[in-house]
>>> print(open('structure-v2.cif').read())   # mmCIF, C-alpha atoms, pLDDT in the B column; chains and numbers go by the auth columns
data_model
#
loop_
_atom_site.group_PDB
_atom_site.id
_atom_site.type_symbol
_atom_site.label_atom_id
_atom_site.label_comp_id
_atom_site.label_asym_id
_atom_site.label_seq_id
_atom_site.Cartn_x
_atom_site.Cartn_y
_atom_site.Cartn_z
_atom_site.B_iso_or_equiv
_atom_site.auth_seq_id
_atom_site.auth_asym_id
ATOM 1 C CA VAL A 1 13.150 261.789 126.751 43.00 17 A
ATOM 2 C CA TYR A 2 13.154 264.220 123.816 53.00 18 A
ATOM 3 C CA LYS A 3 12.634 263.487 120.120 54.00 19 A
ATOM 4 C CA VAL A 4 15.028 265.569 118.004 67.00 20 A
ATOM 5 C CA TRP A 5 14.869 266.262 114.257 63.00 21 A
ATOM 6 C CA ILE A 6 18.236 266.104 112.503 75.00 22 A
ATOM 7 C CA THR A 7 18.961 267.199 108.922 76.00 23 A
ATOM 8 C CA LYS A 8 21.944 268.267 106.862 74.00 24 A
ATOM 9 C CA VAL A 9 22.406 272.011 106.544 75.00 25 A
ATOM 10 C CA ASP A 10 22.124 271.785 102.743 77.00 26 A
ATOM 11 C CA ASP A 11 18.746 270.019 103.068 76.00 27 A
ATOM 12 C CA TYR A 12 17.203 272.569 105.423 73.00 28 A
ATOM 13 C CA ALA A 13 14.441 274.542 103.612 75.00 29 A
ATOM 14 C CA GLU A 14 13.012 277.431 105.592 73.00 30 A
ATOM 15 C CA GLY A 15 9.231 277.644 105.397 68.00 31 A
ATOM 16 C CA GLU A 16 8.760 274.054 104.215 69.00 32 A
ATOM 17 C CA GLY A 17 8.035 270.761 105.979 63.00 33 A
ATOM 18 C CA TYR A 18 8.263 270.965 109.746 57.00 34 A
ATOM 19 C CA PHE A 19 9.792 274.388 110.400 62.00 35 A
ATOM 20 C CA GLY A 20 12.257 273.784 107.557 68.00 36 A
ATOM 21 C CA PHE A 21 12.895 270.099 108.192 67.00 37 A
ATOM 22 C CA ILE A 22 11.890 267.977 105.175 70.00 38 A
ATOM 23 C CA GLU A 23 10.736 264.570 106.373 68.00 39 A
ATOM 24 C CA SER A 24 12.316 262.626 103.491 73.00 40 A
ATOM 25 C CA LYS A 25 15.694 264.292 104.101 74.00 41 A
ATOM 26 C CA SER A 26 15.711 264.160 107.887 73.00 42 A
ATOM 27 C CA LYS A 27 15.848 261.618 110.661 71.00 43 A
ATOM 28 C CA THR A 28 14.684 261.619 114.243 64.00 44 A
ATOM 29 C CA ASP A 29 16.295 260.179 117.316 63.00 45 A
ATOM 30 C CA ASN A 30 15.483 259.995 121.006 57.00 46 A
ATOM 31 C CA PHE A 31 17.656 261.643 123.616 57.00 47 A
ATOM 32 C CA LYS A 32 17.460 261.480 127.380 53.00 48 A
ATOM 33 C CA CYS A 33 18.536 264.741 128.979 55.00 49 A
ATOM 34 C CA VAL A 34 19.848 265.242 132.474 49.00 50 A
ATOM 35 C CA HIS A 35 18.090 268.208 134.038 48.00 51 A
ATOM 36 C CA GLY A 36 20.672 270.912 134.603 50.00 52 A
ATOM 37 C CA GLY A 37 18.781 273.652 136.390 52.00 53 A
ATOM 38 C CA GLY A 38 15.586 274.659 138.077 51.00 54 A
ATOM 39 C CA ASN A 39 13.118 272.109 139.326 59.00 55 A
ATOM 40 C CA PRO A 40 12.202 269.112 137.115 58.00 56 A
ATOM 41 C CA LEU A 41 8.581 269.851 138.004 63.00 57 A
ATOM 42 C CA ASP A 42 8.858 273.309 136.409 81.00 58 A
ATOM 43 C CA GLY A 43 7.678 274.233 132.911 86.00 59 A
ATOM 44 C CA ASN A 44 8.798 276.880 130.444 89.00 60 A
ATOM 45 C CA ALA A 45 6.415 278.842 128.206 91.00 61 A
ATOM 46 C CA THR A 46 7.828 280.081 124.888 92.00 62 A
ATOM 47 C CA VAL A 47 6.568 282.510 122.258 94.00 63 A
ATOM 48 C CA VAL A 48 8.244 282.837 118.853 93.00 64 A
ATOM 49 C CA ILE A 49 7.473 286.224 117.259 95.00 65 A
ATOM 50 C CA CYS A 50 8.023 286.557 113.504 94.00 66 A
ATOM 51 C CA LYS A 51 7.685 289.789 111.533 95.00 67 A
ATOM 52 C CA PHE A 52 7.246 290.281 107.760 96.00 68 A
ATOM 53 C CA ARG A 53 6.667 293.084 105.255 97.00 69 A
ATOM 54 C CA ASP A 54 3.129 292.734 103.908 97.00 70 A
ATOM 55 C CA LEU A 55 3.803 293.972 100.395 97.00 71 A
ATOM 56 C CA ASN A 56 0.207 293.622 99.205 96.00 72 A
ATOM 57 C CA GLY A 57 -1.417 294.557 102.522 96.00 73 A
ATOM 58 C CA ASN A 58 -3.653 291.483 102.574 96.00 74 A
ATOM 59 C CA GLY A 59 -2.945 290.576 106.196 96.00 75 A
ATOM 60 C CA GLN A 60 -1.162 287.290 105.561 94.00 76 A
ATOM 61 C CA LYS A 61 2.353 286.193 104.655 94.00 77 A
ATOM 62 C CA ASP A 62 2.691 285.336 100.967 94.00 78 A
ATOM 63 C CA ASP A 63 5.614 283.907 99.022 92.00 79 A
ATOM 64 C CA GLY A 64 8.320 286.493 98.449 93.00 80 A
ATOM 65 C CA GLU A 65 7.328 288.796 101.292 95.00 81 A
ATOM 66 C CA PRO A 66 10.524 289.545 103.234 94.00 82 A
ATOM 67 C CA ALA A 67 11.238 289.275 106.943 95.00 83 A
ATOM 68 C CA MET A 68 11.560 292.467 108.976 96.00 84 A
ATOM 69 C CA ASP A 69 14.379 292.671 111.505 95.00 85 A
ATOM 70 C CA GLY A 70 14.748 295.376 114.129 95.00 86 A
ATOM 71 C CA VAL A 71 11.079 295.623 115.151 96.00 87 A
ATOM 72 C CA SER A 72 10.423 295.925 118.905 96.00 88 A
ATOM 73 C CA PHE A 73 7.814 294.045 120.939 96.00 89 A
ATOM 74 C CA THR A 74 6.846 293.918 124.595 95.00 90 A
ATOM 75 C CA VAL A 75 5.951 290.424 125.827 94.00 91 A
ATOM 76 C CA ASN A 76 4.522 289.529 129.230 94.00 92 A
ATOM 77 C CA PHE A 77 3.543 286.161 130.677 94.00 93 A
ATOM 78 C CA TYR A 78 0.894 285.548 133.351 95.00 94 A
ATOM 79 C CA ASP A 79 0.308 282.390 135.377 94.00 95 A
ATOM 80 C CA LYS A 80 -3.154 280.882 135.796 95.00 96 A
ATOM 81 C CA ASN A 81 -3.747 283.163 138.785 95.00 97 A
ATOM 82 C CA GLY A 82 -3.079 286.251 136.669 95.00 98 A
ATOM 83 C CA ASP A 83 0.255 287.045 138.298 94.00 99 A
ATOM 84 C CA LEU A 84 2.888 288.645 136.055 93.00 100 A
ATOM 85 C CA ILE A 85 5.918 286.580 135.061 88.00 101 A
ATOM 86 C CA THR A 86 8.798 288.637 133.707 75.00 102 A
ATOM 87 C CA PRO A 87 10.342 287.037 130.568 73.00 103 A
ATOM 88 C CA SER A 88 13.734 285.536 131.359 70.00 104 A
ATOM 89 C CA SER A 89 15.231 285.710 127.863 72.00 105 A
ATOM 90 C CA PRO A 90 15.476 288.162 126.250 78.00 106 A
ATOM 91 C CA MET A 91 14.285 291.041 128.426 83.00 107 A
ATOM 92 C CA ASN A 92 11.717 293.580 127.178 88.00 108 A
ATOM 93 C CA PRO A 93 11.627 295.138 124.713 91.00 109 A
ATOM 94 C CA VAL A 94 12.487 292.193 122.484 92.00 110 A
ATOM 95 C CA VAL A 95 13.665 292.863 118.929 93.00 111 A
ATOM 96 C CA THR A 96 13.145 290.699 115.848 94.00 112 A
ATOM 97 C CA GLY A 97 16.256 289.416 114.133 89.00 113 A
ATOM 98 C CA TYR A 98 18.432 289.937 117.208 77.00 114 A
ATOM 99 C CA ASP A 99 20.348 286.769 116.279 70.00 115 A
ATOM 100 C CA GLY A 100 21.633 288.417 113.092 75.00 116 A
ATOM 101 C CA GLU A 101 20.283 285.637 110.862 76.00 117 A
ATOM 102 C CA GLY A 102 17.788 287.839 109.018 84.00 118 A
ATOM 103 C CA THR A 103 14.813 285.668 109.983 88.00 119 A
ATOM 104 C CA GLY A 104 12.672 288.503 111.327 93.00 120 A
ATOM 105 C CA CYS A 105 11.980 286.329 114.393 93.00 121 A
ATOM 106 C CA VAL A 106 12.735 286.418 118.102 92.00 122 A
ATOM 107 C CA THR A 107 12.154 283.658 120.675 91.00 123 A
ATOM 108 C CA VAL A 108 10.943 284.746 124.114 92.00 124 A
ATOM 109 C CA THR A 109 10.853 282.386 127.108 91.00 125 A
ATOM 110 C CA SER A 110 9.165 282.784 130.455 89.00 126 A
ATOM 111 C CA GLY A 111 11.835 280.985 132.463 85.00 127 A
ATOM 112 C CA PHE A 112 10.986 278.131 134.803 86.00 128 A
ATOM 113 C CA ILE A 113 7.393 278.145 136.104 89.00 129 A
ATOM 114 C CA ASP A 114 5.830 275.657 138.467 90.00 130 A
ATOM 115 C CA ARG A 115 3.766 273.302 136.302 90.00 131 A
ATOM 116 C CA THR A 116 0.817 273.707 138.638 91.00 132 A
ATOM 117 C CA LEU A 117 0.617 277.370 137.540 93.00 133 A
ATOM 118 C CA PHE A 118 -0.202 276.433 133.924 94.00 134 A
ATOM 119 C CA PRO A 119 -1.963 277.298 131.671 95.00 135 A
ATOM 120 C CA VAL A 120 0.122 280.432 131.137 95.00 136 A
ATOM 121 C CA SER A 121 -1.249 283.373 129.147 96.00 137 A
ATOM 122 C CA TYR A 122 0.825 285.992 127.372 95.00 138 A
ATOM 123 C CA THR A 123 0.399 289.411 125.802 95.00 139 A
ATOM 124 C CA VAL A 124 2.299 290.835 122.833 96.00 140 A
ATOM 125 C CA VAL A 125 2.436 294.533 121.949 96.00 141 A
ATOM 126 C CA GLU A 126 4.270 295.718 118.829 97.00 142 A
ATOM 127 C CA THR A 127 5.969 299.081 118.564 97.00 143 A
ATOM 128 C CA VAL A 128 4.928 299.714 114.963 97.00 144 A
ATOM 129 C CA PRO A 129 7.796 301.332 113.006 97.00 145 A
ATOM 130 C CA ASP A 130 7.243 304.850 111.700 97.00 146 A
ATOM 131 C CA GLY A 131 5.755 304.845 108.207 97.00 147 A
ATOM 132 C CA TYR A 132 4.104 301.427 108.585 98.00 148 A
ATOM 133 C CA VAL A 133 0.740 300.052 109.680 97.00 149 A
ATOM 134 C CA GLN A 134 0.059 296.642 111.202 97.00 150 A
ATOM 135 C CA THR A 135 -1.945 294.324 108.927 97.00 151 A
ATOM 136 C CA GLN A 136 -1.572 291.046 110.826 96.00 152 A
ATOM 137 C CA GLY A 137 -0.941 290.371 114.490 95.00 153 A
ATOM 138 C CA THR A 138 -2.243 289.146 117.813 94.00 154 A
ATOM 139 C CA THR A 139 -2.669 290.609 121.271 94.00 155 A
ATOM 140 C CA GLY A 140 -1.667 287.357 122.947 95.00 156 A
ATOM 141 C CA GLY A 141 -2.701 283.803 123.651 96.00 157 A
ATOM 142 C CA THR A 142 -2.572 280.867 126.057 96.00 158 A
ATOM 143 C CA ILE A 143 0.005 278.109 126.445 96.00 159 A
ATOM 144 C CA ALA A 144 -1.491 275.097 128.206 94.00 160 A
ATOM 145 C CA ASP A 145 1.440 272.683 127.895 91.00 161 A
ATOM 146 C CA PRO A 146 4.213 273.358 130.464 89.00 162 A
ATOM 147 C CA ASP A 147 6.743 272.724 127.695 84.00 163 A
ATOM 148 C CA GLY A 148 4.661 274.293 124.929 88.00 164 A
ATOM 149 C CA PHE A 149 5.129 277.240 122.621 91.00 165 A
ATOM 150 C CA ASP A 150 3.156 279.569 120.372 94.00 166 A
ATOM 151 C CA ILE A 151 4.137 281.289 117.133 94.00 167 A
ATOM 152 C CA ALA A 152 2.903 284.881 116.793 95.00 168 A
ATOM 153 C CA THR A 153 3.146 286.279 113.262 96.00 169 A
ATOM 154 C CA PHE A 154 2.952 290.004 112.558 97.00 170 A
ATOM 155 C CA GLY A 155 2.746 291.815 109.221 97.00 171 A
ATOM 156 C CA ASN A 156 3.391 295.484 108.425 97.00 172 A
ATOM 157 C CA ALA A 157 2.473 297.323 105.247 97.00 173 A
ATOM 158 C CA LYS A 158 4.347 300.481 104.325 97.00 174 A
ATOM 159 C CA LEU A 159 2.398 303.748 104.189 97.00 175 A
ATOM 160 C CA LEU A 160 2.807 305.468 100.826 97.00 176 A
ATOM 161 C CA PRO A 161 1.478 308.681 99.231 97.00 177 A
ATOM 162 C CA ILE A 162 -0.761 308.558 96.156 97.00 178 A
ATOM 163 C CA CYS A 163 0.401 310.975 93.452 97.00 179 A
ATOM 164 C CA GLY A 164 0.189 311.389 89.691 97.00 180 A
ATOM 165 C CA VAL A 165 0.988 313.751 86.853 97.00 181 A
ATOM 166 C CA LYS A 166 -0.954 315.367 84.024 97.00 182 A
ATOM 167 C CA TYR A 167 1.073 316.133 80.896 98.00 183 A
ATOM 168 C CA HIS A 168 0.673 317.149 77.268 98.00 184 A
ATOM 169 C CA ASP A 169 1.274 314.050 75.124 97.00 185 A
ATOM 170 C CA LEU A 170 2.678 315.926 72.134 97.00 186 A
ATOM 171 C CA ASN A 171 3.249 312.840 69.968 96.00 187 A
ATOM 172 C CA GLY A 172 0.203 310.904 71.177 96.00 188 A
ATOM 173 C CA ASN A 173 2.163 307.743 71.993 97.00 189 A
ATOM 174 C CA GLY A 174 0.541 307.204 75.398 96.00 190 A
ATOM 175 C CA SER A 175 3.697 307.676 77.474 95.00 191 A
ATOM 176 C CA ARG A 176 5.505 310.742 78.713 96.00 192 A
ATOM 177 C CA ASP A 177 8.608 311.578 76.723 96.00 193 A
ATOM 178 C CA GLU A 178 11.336 314.085 77.417 93.00 194 A
ATOM 179 C CA ASN A 179 10.258 317.710 77.007 94.00 195 A
ATOM 180 C CA GLU A 180 6.516 316.916 77.170 97.00 196 A
ATOM 181 C CA PRO A 181 5.231 319.565 79.587 97.00 197 A
ATOM 182 C CA GLY A 182 3.008 319.137 82.626 97.00 198 A
ATOM 183 C CA LEU A 183 -0.478 320.605 82.542 98.00 199 A
ATOM 184 C CA ALA A 184 -1.787 322.645 85.473 98.00 200 A
ATOM 185 C CA ASP A 185 -5.275 323.034 86.976 98.00 201 A
ATOM 186 C CA PHE A 186 -6.732 319.678 85.929 98.00 202 A
ATOM 187 C CA GLU A 187 -8.971 318.179 88.607 97.00 203 A
ATOM 188 C CA PHE A 188 -9.044 314.451 89.336 97.00 204 A
ATOM 189 C CA THR A 189 -11.423 312.269 91.329 98.00 205 A
ATOM 190 C CA VAL A 190 -9.495 309.497 93.077 97.00 206 A
ATOM 191 C CA THR A 191 -11.231 306.566 94.769 98.00 207 A
ATOM 192 C CA VAL A 192 -9.098 304.598 97.236 97.00 208 A
ATOM 193 C CA THR A 193 -10.104 301.176 98.575 97.00 209 A
ATOM 194 C CA PRO A 194 -7.836 300.114 101.467 96.00 210 A
ATOM 195 C CA ALA A 195 -5.873 296.877 101.361 94.00 211 A
ATOM 196 C CA SER A 196 -7.801 293.961 102.871 93.00 212 A
ATOM 197 C CA GLY A 197 -5.406 293.703 105.815 93.00 213 A
ATOM 198 C CA VAL A 198 -6.231 297.283 106.810 92.00 214 A
ATOM 199 C CA GLY A 199 -9.986 297.183 106.265 88.00 215 A
ATOM 200 C CA GLY A 200 -12.484 299.961 105.751 90.00 216 A
ATOM 201 C CA GLY A 201 -14.562 301.104 102.826 94.00 217 A
ATOM 202 C CA SER A 202 -13.722 303.090 99.726 96.00 218 A
ATOM 203 C CA THR A 203 -13.160 306.841 100.041 96.00 219 A
ATOM 204 C CA GLU A 204 -13.332 309.451 97.287 97.00 220 A
ATOM 205 C CA TYR A 205 -10.822 312.313 97.096 97.00 221 A
ATOM 206 C CA THR A 206 -10.181 315.187 94.714 97.00 222 A
ATOM 207 C CA ALA A 207 -6.816 316.519 93.578 97.00 223 A
ATOM 208 C CA THR A 208 -5.720 319.295 91.216 97.00 224 A
ATOM 209 C CA SER A 209 -2.546 319.273 89.148 98.00 225 A
ATOM 210 C CA GLY A 210 0.026 321.958 89.947 97.00 226 A
ATOM 211 C CA ALA A 211 2.168 324.096 87.678 97.00 227 A
ATOM 212 C CA ASP A 212 4.380 321.118 86.758 97.00 228 A
ATOM 213 C CA GLY A 213 1.368 318.834 86.233 97.00 229 A
ATOM 214 C CA THR A 214 1.882 316.783 89.397 98.00 230 A
ATOM 215 C CA TRP A 215 -0.784 316.109 92.013 98.00 231 A
ATOM 216 C CA CYS A 216 -0.967 314.230 95.331 98.00 232 A
ATOM 217 C CA LEU A 217 -3.807 313.404 97.694 97.00 233 A
ATOM 218 C CA LYS A 218 -3.663 315.791 100.671 96.00 234 A
ATOM 219 C CA ASP A 219 -5.610 316.586 103.807 95.00 235 A
ATOM 220 C CA SER A 220 -7.321 319.912 104.522 93.00 236 A
ATOM 221 C CA ASP A 221 -4.046 321.330 105.868 95.00 237 A
ATOM 222 C CA GLY A 222 -2.155 320.509 102.697 94.00 238 A
ATOM 223 C CA ASN A 223 -0.260 317.534 104.128 96.00 239 A
ATOM 224 C CA ARG A 224 0.185 314.462 101.955 97.00 240 A
ATOM 225 C CA LEU A 225 -2.066 311.538 102.843 97.00 241 A
ATOM 226 C CA THR A 226 -0.530 308.077 103.028 97.00 242 A
ATOM 227 C CA PHE A 227 -2.129 304.673 102.460 97.00 243 A
ATOM 228 C CA ALA A 228 -1.025 301.110 103.137 96.00 244 A
ATOM 229 C CA GLU A 229 0.571 299.437 100.141 96.00 245 A
ATOM 230 C CA GLY A 230 -1.867 297.136 98.398 95.00 246 A
ATOM 231 C CA ALA A 231 -4.669 299.706 98.212 96.00 247 A
ATOM 232 C CA THR A 232 -6.806 299.743 95.059 96.00 248 A
ATOM 233 C CA ILE A 233 -6.865 303.115 93.279 97.00 249 A
ATOM 234 C CA SER A 234 -9.247 304.475 90.644 96.00 250 A
ATOM 235 C CA VAL A 235 -8.519 307.849 88.975 96.00 251 A
ATOM 236 C CA VAL A 236 -10.992 309.767 86.815 94.00 252 A
#
>>> encode(input="structure-v2.cif", output="C-alpha cells")
Amino acid sequence: VYKVWITKVDDYAEGEGYFGFIESKSKTDNFKCVHGGGNPLDGNATVVICKFRDLNGNGQKDDGEPAMDGVSFTVNFYDKNGDLITPSSPMNPVVTGYDGEGTGCVTVTSGFIDRTLFPVSYTVVETVPDGYVQTQGTTGGTIADPDGFDIATFGNAKLLPICGVKYHDLNGNGSRDENEPGLADFEFTVTVTPASGVGGGSTEYTATSGADGTWCLKDSDGNRLTFAEGATISVV
C-alpha cells in the first residue's frame, strides 16, 4: 500500500511544503499496487541529484539562485558486500535537467536489488563545467531503506577575473564620464578573500594600470587570475 500526495497543478509550489506539495492545498490517499516486475522481495535505491548556480559562493542554495541544467555526473551503487550495481536508469553519465523541465535535477535508480543486500551505498562524481568551481556537494551516501532515496545537492560558482580602471576625473564628480582618459602606471594592492563556499584565507596581489588605465590580477606568466563569484575584494 502506498500513500500518494495529490494537488492541483496551480497549487504546486516548487521549493515549499513537501517537495512542492502544500499540505493545506493537497490531499493524500492510499493505493494498493500490483507488482508488475522483478521480485516483490527486491528493493530499489534512488538518488535525486540537483544542481544550482551559487551566485554568492556561500556553499548553500539561497532564494533566487537558479538551477543548472546540462551538468554531468557519474553515479554508482554498491550493495552491502561492496559489489558494484550499475544504475538502471538513466545510464552514466547522468545529466541534470534531462527531462527538459529546467529543474536542474536528475533522478537515478539502482534497479531492483535483493532487500537482503541493503543497506546500499552510492558515490557521486560531478564533471565540473569549465569556468566554474564546486562550492557544495557530496561524494556519496548510504540508503538503508530498500525503497528509500537520497537527495544530493550540488552548487557551482562561476570563476571571474578581477579587473579595474584608473582614470582622470576631470570634473570631479566621482564617476567616469565620456572622454575622461585612463591613467597608466598606477599600482594597486588588491586583497581577495575567497567566498565561504570555496574556503581559504585572504591573499594580497599587486596590479599596475596599463596605457588605457585598466588593470587585472594576473599570474607570473601574465595570465588573468579568476576567482569564484562571491569573493570579497579590497583595493588600495
>>> closest_atom_pairs(input="structure-v2.cif", of="segment 73-126 of chain A", to="segment 57-68 of chain A", cutoff="8 Å", atoms="all atoms listed in the file", output="JSON lines")
{"residue": "A:Lys77", "atom": "CA", "partner": "A:Phe68", "partner_atom": "CA", "distance": 7.1}
{"residue": "A:Glu81", "atom": "CA", "partner": "A:Phe68", "partner_atom": "CA", "distance": 6.6}
{"residue": "A:Pro82", "atom": "CA", "partner": "A:Phe68", "partner_atom": "CA", "distance": 5.6}
{"residue": "A:Ala83", "atom": "CA", "partner": "A:Phe68", "partner_atom": "CA", "distance": 4.2}
{"residue": "A:Met84", "atom": "CA", "partner": "A:Phe68", "partner_atom": "CA", "distance": 5.0}
{"residue": "A:Asp85", "atom": "CA", "partner": "A:Lys67", "partner_atom": "CA", "distance": 7.3}
{"residue": "A:Val87", "atom": "CA", "partner": "A:Lys67", "partner_atom": "CA", "distance": 7.7}
{"residue": "A:Thr112", "atom": "CA", "partner": "A:Cys66", "partner_atom": "CA", "distance": 7.0}
{"residue": "A:Thr119", "atom": "CA", "partner": "A:Cys66", "partner_atom": "CA", "distance": 7.7}
{"residue": "A:Gly120", "atom": "CA", "partner": "A:Lys67", "partner_atom": "CA", "distance": 5.2}
{"residue": "A:Cys121", "atom": "CA", "partner": "A:Cys66", "partner_atom": "CA", "distance": 4.1}
{"residue": "A:Val122", "atom": "CA", "partner": "A:Ile65", "partner_atom": "CA", "distance": 5.3}
{"residue": "A:Thr123", "atom": "CA", "partner": "A:Val64", "partner_atom": "CA", "distance": 4.4}
{"residue": "A:Val124", "atom": "CA", "partner": "A:Val63", "partner_atom": "CA", "distance": 5.3}
{"residue": "A:Thr125", "atom": "CA", "partner": "A:Thr62", "partner_atom": "CA", "distance": 4.4}
{"residue": "A:Ser126", "atom": "CA", "partner": "A:Ala61", "partner_atom": "CA", "distance": 5.3}
>>> write_last_selection(input="structure-v2.cif", atoms="C-alpha atoms", output="compact mmCIF listing (two decimals), in the coordinates of the input")
# COMPACT_ATOMS: atom_id res chain seq x y z
CA LYS A 77 2.35 286.19 104.66
CA GLU A 81 7.33 288.80 101.29
CA PRO A 82 10.52 289.54 103.23
CA ALA A 83 11.24 289.27 106.94
CA MET A 84 11.56 292.47 108.98
CA ASP A 85 14.38 292.67 111.50
CA VAL A 87 11.08 295.62 115.15
CA THR A 112 13.14 290.70 115.85
CA THR A 119 14.81 285.67 109.98
CA GLY A 120 12.67 288.50 111.33
CA CYS A 121 11.98 286.33 114.39
CA VAL A 122 12.74 286.42 118.10
CA THR A 123 12.15 283.66 120.68
CA VAL A 124 10.94 284.75 124.11
CA THR A 125 10.85 282.39 127.11
CA SER A 126 9.16 282.78 130.46
>>> resolve_selection(input="structure-v2.cif", expression="the PyMOL selection byres ((chain A and resi 236-248) around 10)", output="PDB file with C-alpha atoms, in the frame of the given file")
ATOM      1  CA  ASP A  70       3.129 292.734 103.908  1.00 97.00           C
ATOM      2  CA  LEU A  71       3.803 293.972 100.395  1.00 97.00           C
ATOM      3  CA  ASN A  72       0.207 293.622  99.205  1.00 96.00           C
ATOM      4  CA  GLY A  73      -1.417 294.557 102.522  1.00 96.00           C
ATOM      5  CA  ASN A  74      -3.653 291.483 102.574  1.00 96.00           C
ATOM      6  CA  GLY A 147       5.755 304.845 108.207  1.00 97.00           C
ATOM      7  CA  TYR A 148       4.104 301.427 108.585  1.00 98.00           C
ATOM      8  CA  VAL A 149       0.740 300.052 109.680  1.00 97.00           C
ATOM      9  CA  GLN A 150       0.059 296.642 111.202  1.00 97.00           C
ATOM     10  CA  THR A 151      -1.945 294.324 108.927  1.00 97.00           C
ATOM     11  CA  ASN A 172       3.391 295.484 108.425  1.00 97.00           C
ATOM     12  CA  ALA A 173       2.473 297.323 105.247  1.00 97.00           C
ATOM     13  CA  LYS A 174       4.347 300.481 104.325  1.00 97.00           C
ATOM     14  CA  LEU A 175       2.398 303.748 104.189  1.00 97.00           C
ATOM     15  CA  LEU A 176       2.807 305.468 100.826  1.00 97.00           C
ATOM     16  CA  PRO A 177       1.478 308.681  99.231  1.00 97.00           C
ATOM     17  CA  ILE A 178      -0.761 308.558  96.156  1.00 97.00           C
ATOM     18  CA  CYS A 179       0.401 310.975  93.452  1.00 97.00           C
ATOM     19  CA  THR A 207     -11.231 306.566  94.769  1.00 98.00           C
ATOM     20  CA  VAL A 208      -9.098 304.598  97.236  1.00 97.00           C
ATOM     21  CA  THR A 209     -10.104 301.176  98.575  1.00 97.00           C
ATOM     22  CA  PRO A 210      -7.836 300.114 101.467  1.00 96.00           C
ATOM     23  CA  ALA A 211      -5.873 296.877 101.361  1.00 94.00           C
ATOM     24  CA  SER A 212      -7.801 293.961 102.871  1.00 93.00           C
ATOM     25  CA  GLY A 213      -5.406 293.703 105.815  1.00 93.00           C
ATOM     26  CA  VAL A 214      -6.231 297.283 106.810  1.00 92.00           C
ATOM     27  CA  GLY A 215      -9.986 297.183 106.265  1.00 88.00           C
ATOM     28  CA  SER A 218     -13.722 303.090  99.726  1.00 96.00           C
ATOM     29  CA  CYS A 232      -0.967 314.230  95.331  1.00 98.00           C
ATOM     30  CA  LEU A 233      -3.807 313.404  97.694  1.00 97.00           C
ATOM     31  CA  LYS A 234      -3.663 315.791 100.671  1.00 96.00           C
ATOM     32  CA  ASP A 235      -5.610 316.586 103.807  1.00 95.00           C
ATOM     33  CA  ILE A 249      -6.865 303.115  93.279  1.00 97.00           C
ATOM     34  CA  SER A 250      -9.247 304.475  90.644  1.00 96.00           C
TER      35      SER A 250
END
>>> atom_distance(input="structure-v2.cif", atom1="atom CA of Gly127 of chain A", atom2="atom CA of Ser105 of chain A")
7.4 Å
>>> residues_near_point(input="structure-v2.cif", point="(1.6, 274.6, 141.3)", cutoff="12 Å", atoms="all atoms listed in the file", output="list in words")
Asn55, Leu57, Asp58, Gly59, Asp95, Lys96, Asn97, Phe128, Ile129, Asp130, Arg131, Thr132, Leu133, Phe134, Pro135, Val136 and Pro162 of chain A
>>> write_last_selection(input="structure-v2.cif", atoms="C-alpha atoms", output="CSV table (one decimal), in the frame of the given file")
chain,number,residue,atom,x,y,z
A,55,ASN,CA,13.1,272.1,139.3
A,57,LEU,CA,8.6,269.9,138.0
A,58,ASP,CA,8.9,273.3,136.4
A,59,GLY,CA,7.7,274.2,132.9
A,95,ASP,CA,0.3,282.4,135.4
A,96,LYS,CA,-3.2,280.9,135.8
A,97,ASN,CA,-3.7,283.2,138.8
A,128,PHE,CA,11.0,278.1,134.8
A,129,ILE,CA,7.4,278.1,136.1
A,130,ASP,CA,5.8,275.7,138.5
A,131,ARG,CA,3.8,273.3,136.3
A,132,THR,CA,0.8,273.7,138.6
A,133,LEU,CA,0.6,277.4,137.5
A,134,PHE,CA,-0.2,276.4,133.9
A,135,PRO,CA,-2.0,277.3,131.7
A,136,VAL,CA,0.1,280.4,131.1
A,162,PRO,CA,4.2,273.4,130.5
>>> closest_residue(input="structure-v2.cif", among="A:Thr205, A:Thr90, A:Thr230, A:Ser40", to="Val144 of chain A", atoms="all atoms listed in the file")
A:Thr90
>>> atom_distance(input="structure-v2.cif", atom1="atom CA of Gly86 of chain A", atom2="atom CA of Pro103 of chain A")
19.0 Å
>>> atom_distance(input="structure-v2.cif", atom1="atom CA of Thr154 of chain A", atom2="atom CA of Asp79 of chain A")
21.0 Å
>>> residues_around(input="structure-v2.cif", residues="segment 188-199 of chain A", least_positions_apart="3", cutoff="12 Å", atoms="all atoms listed in the file", output="PyMOL selection string")
chain A and resi 180-185+202-203+224-231
>>> write_last_selection(input="structure-v2.cif", atoms="C-alpha atoms", output="PDB file, in the coordinates of the input")
ATOM      1  CA  GLY A 180       0.189 311.389  89.691  1.00 97.00           C
ATOM      2  CA  VAL A 181       0.988 313.751  86.853  1.00 97.00           C
ATOM      3  CA  LYS A 182      -0.954 315.367  84.024  1.00 97.00           C
ATOM      4  CA  TYR A 183       1.073 316.133  80.896  1.00 98.00           C
ATOM      5  CA  HIS A 184       0.673 317.149  77.268  1.00 98.00           C
ATOM      6  CA  ASP A 185       1.274 314.050  75.124  1.00 97.00           C
ATOM      7  CA  PHE A 202      -6.732 319.678  85.929  1.00 98.00           C
ATOM      8  CA  GLU A 203      -8.971 318.179  88.607  1.00 97.00           C
ATOM      9  CA  THR A 224      -5.720 319.295  91.216  1.00 97.00           C
ATOM     10  CA  SER A 225      -2.546 319.273  89.148  1.00 98.00           C
ATOM     11  CA  GLY A 226       0.026 321.958  89.947  1.00 97.00           C
ATOM     12  CA  ALA A 227       2.168 324.096  87.678  1.00 97.00           C
ATOM     13  CA  ASP A 228       4.380 321.118  86.758  1.00 97.00           C
ATOM     14  CA  GLY A 229       1.368 318.834  86.233  1.00 97.00           C
ATOM     15  CA  THR A 230       1.882 316.783  89.397  1.00 98.00           C
ATOM     16  CA  TRP A 231      -0.784 316.109  92.013  1.00 98.00           C
TER      17      TRP A 231
END
>>> resolve_selection(input="structure-v2.cif", expression="the PyMOL selection byres ((chain A and resi 139) around 9)", output="CSV table (one decimal) with C-alpha atoms, in the frame of the given file")
chain,number,residue,atom,x,y,z
A,90,THR,CA,6.8,293.9,124.6
A,91,VAL,CA,6.0,290.4,125.8
A,92,ASN,CA,4.5,289.5,129.2
A,93,PHE,CA,3.5,286.2,130.7
A,94,TYR,CA,0.9,285.5,133.4
A,137,SER,CA,-1.2,283.4,129.1
A,138,TYR,CA,0.8,286.0,127.4
A,140,VAL,CA,2.3,290.8,122.8
A,141,VAL,CA,2.4,294.5,121.9
A,154,THR,CA,-2.2,289.1,117.8
A,155,THR,CA,-2.7,290.6,121.3
A,156,GLY,CA,-1.7,287.4,122.9
A,157,GLY,CA,-2.7,283.8,123.7
